[in-house]
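Content type PDB, C-alpha atoms, from the file target07.pdb:
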ATOM      1  CA  MET G 144      89.138  31.778   5.101
ATOM      2  CA  ALA G 145      90.085  35.302   3.939
ATOM      3  CA  ASN G 146      86.757  35.502   2.114
ATOM      4  CA  ASP G 147      84.896  34.548   5.330
ATOM      5  CA  THR G 148      86.750  37.300   7.210
ATOM      6  CA  GLN G 149      85.929  39.851   4.509
ATOM      7  CA  THR G 150      82.270  38.832   4.576
ATOM      8  CA  ALA G 151      82.132  39.095   8.382
ATOM      9  CA  THR G 152      83.867  42.476   8.307
ATOM     10  CA  ARG G 153      81.432  43.744   5.659
ATOM     11  CA  GLU G 154      78.475  42.540   7.757
ATOM     12  CA  ILE G 155      79.824  44.366  10.817
ATOM     13  CA  LEU G 156      80.383  47.552   8.801
ATOM     14  CA  GLU G 157      76.852  47.362   7.401
ATOM     15  CA  GLY G 158      75.445  46.719  10.880
ATOM     16  CA  VAL G 159      77.301  49.684  12.383
ATOM     17  CA  GLU G 160      76.134  51.936   9.538
ATOM     18  CA  GLN G 161      72.526  50.820  10.069
ATOM     19  CA  LEU G 162      72.921  51.451  13.809
ATOM     20  CA  ARG G 163      74.195  54.983  13.082
ATOM     21  CA  ARG G 164      71.228  55.719  10.809
ATOM     22  CA  SER G 165      68.728  54.295  13.292
ATOM     23  CA  GLU G 166      70.263  56.232  16.198
ATOM     24  CA  SER G 167      70.175  59.447  14.199
ATOM     25  CA  GLN G 168      66.520  58.923  13.292
ATOM     26  CA  LEU G 169      65.688  58.084  16.911
ATOM     27  CA  ALA G 170      67.402  61.269  18.096
ATOM     28  CA  ARG G 171      65.313  63.334  15.669
ATOM     29  CA  ARG G 172      62.081  61.627  16.772
ATOM     30  CA  MET G 173      62.896  62.050  20.452
ATOM     31  CA  SER G 174      63.834  65.680  19.959
ATOM     32  CA  SER G 175      60.499  66.402  18.313
ATOM     33  CA  ARG G 176      58.662  64.801  21.288
ATOM     34  CA  ARG G 177      60.835  66.502  23.925
ATOM     35  CA  ALA G 178      61.897  63.097  25.186
ATOM     36  CA  PRO G 179      65.211  62.844  27.039
ATOM     37  CA  ASN G 180      68.017  63.814  24.696
ATOM     38  CA  GLU G 181      71.582  62.533  24.916
ATOM     39  CA  THR G 182      72.620  65.400  27.210
ATOM     40  CA  ASP G 183      69.741  64.609  29.572
ATOM     41  CA  ARG G 184      70.624  60.905  29.565
ATOM     42  CA  ASP G 185      74.313  61.668  30.197
ATOM     43  CA  ALA G 186      73.312  64.014  33.030
ATOM     44  CA  MET G 187      71.139  61.305  34.614
ATOM     45  CA  ARG G 188      73.924  58.729  34.381
ATOM     46  CA  PHE G 189      76.305  61.150  36.089
ATOM     47  CA  ILE G 190      73.782  62.060  38.799
ATOM     48  CA  THR G 191      72.762  58.477  39.563
ATOM     49  CA  GLU G 192      76.365  57.242  39.654
ATOM     50  CA  ALA G 193      77.479  59.915  42.133
ATOM     51  CA  PRO G 194      78.331  58.559  45.593
ATOM     52  CA  GLY G 195      75.691  59.248  48.240
ATOM     53  CA  ASP G 196      78.160  61.242  50.323
ATOM     54  CA  ALA G 197      79.199  63.422  47.352
ATOM     55  CA  PRO G 198      76.063  64.531  45.537
ATOM     56  CA  VAL G 199      76.328  66.375  42.243
ATOM     57  CA  THR G 200      76.168  70.163  42.140
ATOM     58  CA  PRO G 201      75.032  72.115  39.078
ATOM     59  CA  GLY G 202      78.662  73.165  38.632
ATOM     60  CA  ASP G 203      79.790  69.535  38.672
ATOM     61  CA  LEU G 204      77.163  68.763  36.066
ATOM     62  CA  ALA G 205      78.253  71.667  33.849
ATOM     63  CA  SER G 206      81.849  70.493  34.054
ATOM     64  CA  HIS G 207      80.964  66.867  33.325
ATOM     65  CA  LEU G 208      78.707  67.753  30.386
ATOM     66  CA  ARG G 209      81.109  70.460  29.166
ATOM     67  CA  ILE G 210      78.311  73.005  28.929
ATOM     68  CA  SER G 211      77.701  76.403  30.494
ATOM     69  CA  THR G 212      75.960  76.830  33.821
ATOM     70  CA  ALA G 213      73.110  78.532  31.937
ATOM     71  CA  ALA G 214      72.703  75.404  29.801
ATOM     72  CA  VAL G 215      72.726  73.257  32.966
ATOM     73  CA  THR G 216      69.734  75.261  34.178
ATOM     74  CA  SER G 217      67.809  74.097  31.096
ATOM     75  CA  VAL G 218      68.909  70.485  31.574
ATOM     76  CA  LEU G 219      67.860  70.551  35.235
ATOM     77  CA  ARG G 220      64.499  72.128  34.346
ATOM     78  CA  ARG G 221      63.758  69.270  31.920
ATOM     79  CA  LEU G 222      64.838  66.625  34.458
ATOM     80  CA  LEU G 223      62.723  68.259  37.167
ATOM     81  CA  GLU G 224      59.683  68.453  34.846
ATOM     82  CA  ARG G 225      60.000  64.722  34.151
ATOM     83  CA  GLY G 226      60.330  63.974  37.886
ATOM     84  CA  GLN G 227      63.790  62.459  37.477
ATOM     85  CA  VAL G 228      65.700  64.639  39.945
ATOM     86  CA  LEU G 229      65.346  66.672  43.104
ATOM     87  CA  VAL G 230      67.299  69.880  43.689
ATOM     88  CA  ALA G 231      67.996  70.838  47.305
ATOM     89  CA  ALA G 232      70.254  73.082  49.341
ATOM     90  CA  HIS G 233      73.787  71.761  49.717
ATOM     91  CA  PRO G 234      74.163  70.241  53.206
ATOM     92  CA  ASP G 235      77.529  71.969  53.793
ATOM     93  CA  ASP G 236      77.048  75.205  51.837
ATOM     94  CA  ALA G 237      73.589  76.800  51.820
ATOM     95  CA  ARG G 238      74.625  79.021  48.891
ATOM     96  CA  SER G 239      74.994  75.954  46.702
ATOM     97  CA  LYS G 240      72.568  73.300  45.473
ATOM     98  CA  VAL G 241      72.807  69.529  45.093
ATOM     99  CA  VAL G 242      71.055  67.371  42.531
ATOM    100  CA  ARG G 243      69.876  63.891  43.429
ATOM    101  CA  PRO G 244      67.918  61.300  41.459
ATOM    102  CA  THR G 245      64.358  60.705  42.608
ATOM    103  CA  LEU G 246      63.514  57.302  44.029
ATOM    104  CA  ARG G 247      61.332  56.724  40.981
ATOM    105  CA  ASP G 248      64.338  57.143  38.744
ATOM    106  CA  ILE G 249      66.593  54.928  40.828
ATOM    107  CA  ASN G 250      64.118  52.059  40.685
ATOM    108  CA  ALA G 251      63.098  52.437  37.032
ATOM    109  CA  PRO G 252      65.022  52.221  33.773
ATOM    110  CA  VAL G 253      65.952  55.626  32.388
ATOM    111  CA  ASP G 254      63.862  55.242  29.264
ATOM    112  CA  ASP G 255      62.212  52.851  26.844
ATOM    113  CA  MET G 256      65.505  52.343  25.020
ATOM    114  CA  THR G 257      67.106  50.970  28.184
ATOM    115  CA  LYS G 258      64.276  48.442  28.546
ATOM    116  CA  ARG G 259      64.688  47.389  24.925
ATOM    117  CA  VAL G 260      68.465  46.970  25.221
ATOM    118  CA  GLU G 261      68.038  44.892  28.388
ATOM    119  CA  ALA G 262      65.472  42.649  26.645
ATOM    120  CA  LEU G 263      67.688  42.258  23.591
ATOM    121  CA  ALA G 264      70.752  41.470  25.711
ATOM    122  CA  SER G 265      68.844  38.709  27.502
ATOM    123  CA  GLU G 266      68.649  36.822  24.183
ATOM    124  CA  PHE G 267      72.421  36.178  24.259
ATOM    125  CA  THR G 268      74.556  33.844  26.335
ATOM    126  CA  PRO G 269      77.004  35.442  28.783
ATOM    127  CA  GLU G 270      79.875  34.578  26.418
ATOM    128  CA  GLN G 271      78.118  36.185  23.446
ATOM    129  CA  THR G 272      77.235  39.209  25.558
ATOM    130  CA  GLU G 273      80.894  39.672  26.528
ATOM    131  CA  ILE G 274      81.974  39.578  22.877
ATOM    132  CA  VAL G 275      79.325  42.112  21.844
ATOM    133  CA  ALA G 276      80.124  44.328  24.846
ATOM    134  CA  ARG G 277      83.853  44.199  24.055
ATOM    135  CA  PHE G 278      83.166  45.148  20.436
ATOM    136  CA  LEU G 279      80.953  48.067  21.488
ATOM    137  CA  ARG G 280      83.524  49.306  24.049
ATOM    138  CA  ARG G 281      86.277  49.184  21.415
ATOM    139  CA  LEU G 282      84.041  50.904  18.869
ATOM    140  CA  ALA G 283      83.284  53.669  21.369
ATOM    141  CA  GLU G 284      87.016  54.081  22.045
ATOM    142  CA  GLU G 285      87.704  54.395  18.330
ATOM    143  CA  ILE G 286      84.922  56.957  17.919
ATOM    144  CA  ASP G 287      86.268  58.935  20.890
ATOM    145  CA  ASP G 288      89.739  58.978  19.270
ATOM    146  CA  ILE G 289      88.470  60.552  16.029
ATOM    147  CA  SER G 290      89.395  64.215  15.943
TER
END
Could you take the file, read its structure, and then write that structure out as structure tokens?
Amino acid sequence: MANDTQTATREILEGVEQLRRSESQLARRMSSRRAPNETDRDAMRFITEAPGDAPVTPGDLASHLRISTAAVTSVLRRLLERGQVLVAAHPDDARSKVVRPTLRDINAPVDDMTKRVEALASEFTPEQTEIVARFLRRLAEEIDDIS
């Protein structure tokens, strides 16, 4: 039994290491093609999850992403160029702007990776999906705790 546990643990460790290598290689490939980077994807998640009555401002985005307002300008430029967001005057403060997802982005997956993850997830039963999701949530928590 202990040997089975050690084998399973080793397989998980090897799988996580392979995932890390693959993700790193993907990030390099995407960067070279100017595809959405992690900051852009995080920005889109934040923008699309904002309540309709409280749209995101560039300042909100800078705070959420923990980047400067100058860096937010670059992020917004890339999102605008890809047609993922609209920037408009703030309804309550004309000196400010709000950022909203385009309808195209609301109705379409963020990127090819999202489509692939959804297809892969459909191969598992709901019970298996919950186990994998729990493992990934816990792994993310552990990674976030590393200083």
One decimal, in Å: what's the spacing between atom CA of Ser206 of chain G and atom CA of Thr182 of chain G?
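These two atoms are separated by 12.6 Å.
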Residues matched by the PyMOL selection byres ((chain G and resi 226-236) around 9), written as a ChimeraX atom specification:
/G:187,190,198,200,219,221-225,237-249,253
Pull out every residue that the PyMOL selection byres ((chain G and resi 215) around 12) matches in the shown coordinates and put them as a list in words.
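With the PyMOL selection byres ((chain G and resi 215) around 12) on this model, the match is Thr182, Asp183, Ala186, Thr200, Pro201, Gly202, Asp203, Leu204, Ala205, Ser206, His207, Leu208, Arg209, Ile210, Ser211, Thr212, Ala213, Ala214, Thr216, Ser217, Val218, Leu219, Arg220, Arg221, Leu222, Leu223 and Val242 of chain G.
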Give me, please, the distance in Å between atom CA of Ala193 of chain G and atom CA of Asn180 of chain G, quoted to one decimal.
20.2 Å
Written as a PyMOL selection string, which residues does the PyMOL selection byres ((chain G and resi 275-288) around 12) give for the file shown?
chain G and resi 155-156+159+162-163+260+263-264+267-274+289-290
Could you give me the axis-aligned bounding box of segment 183-187 of chain G, with 6 Å of padding per side, as centre plus edge lengths in Å to one decimal, as AutoDock Vina command-line options?
--center_x 72.0 --center_y 62.8 --center_z 32.1 --size_x 16.6 --size_y 15.7 --size_z 17.0
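We find atom CA of Arg188 of chain G and atom CA of Glu266 of chain G to be spaced 24.7 Å apart.
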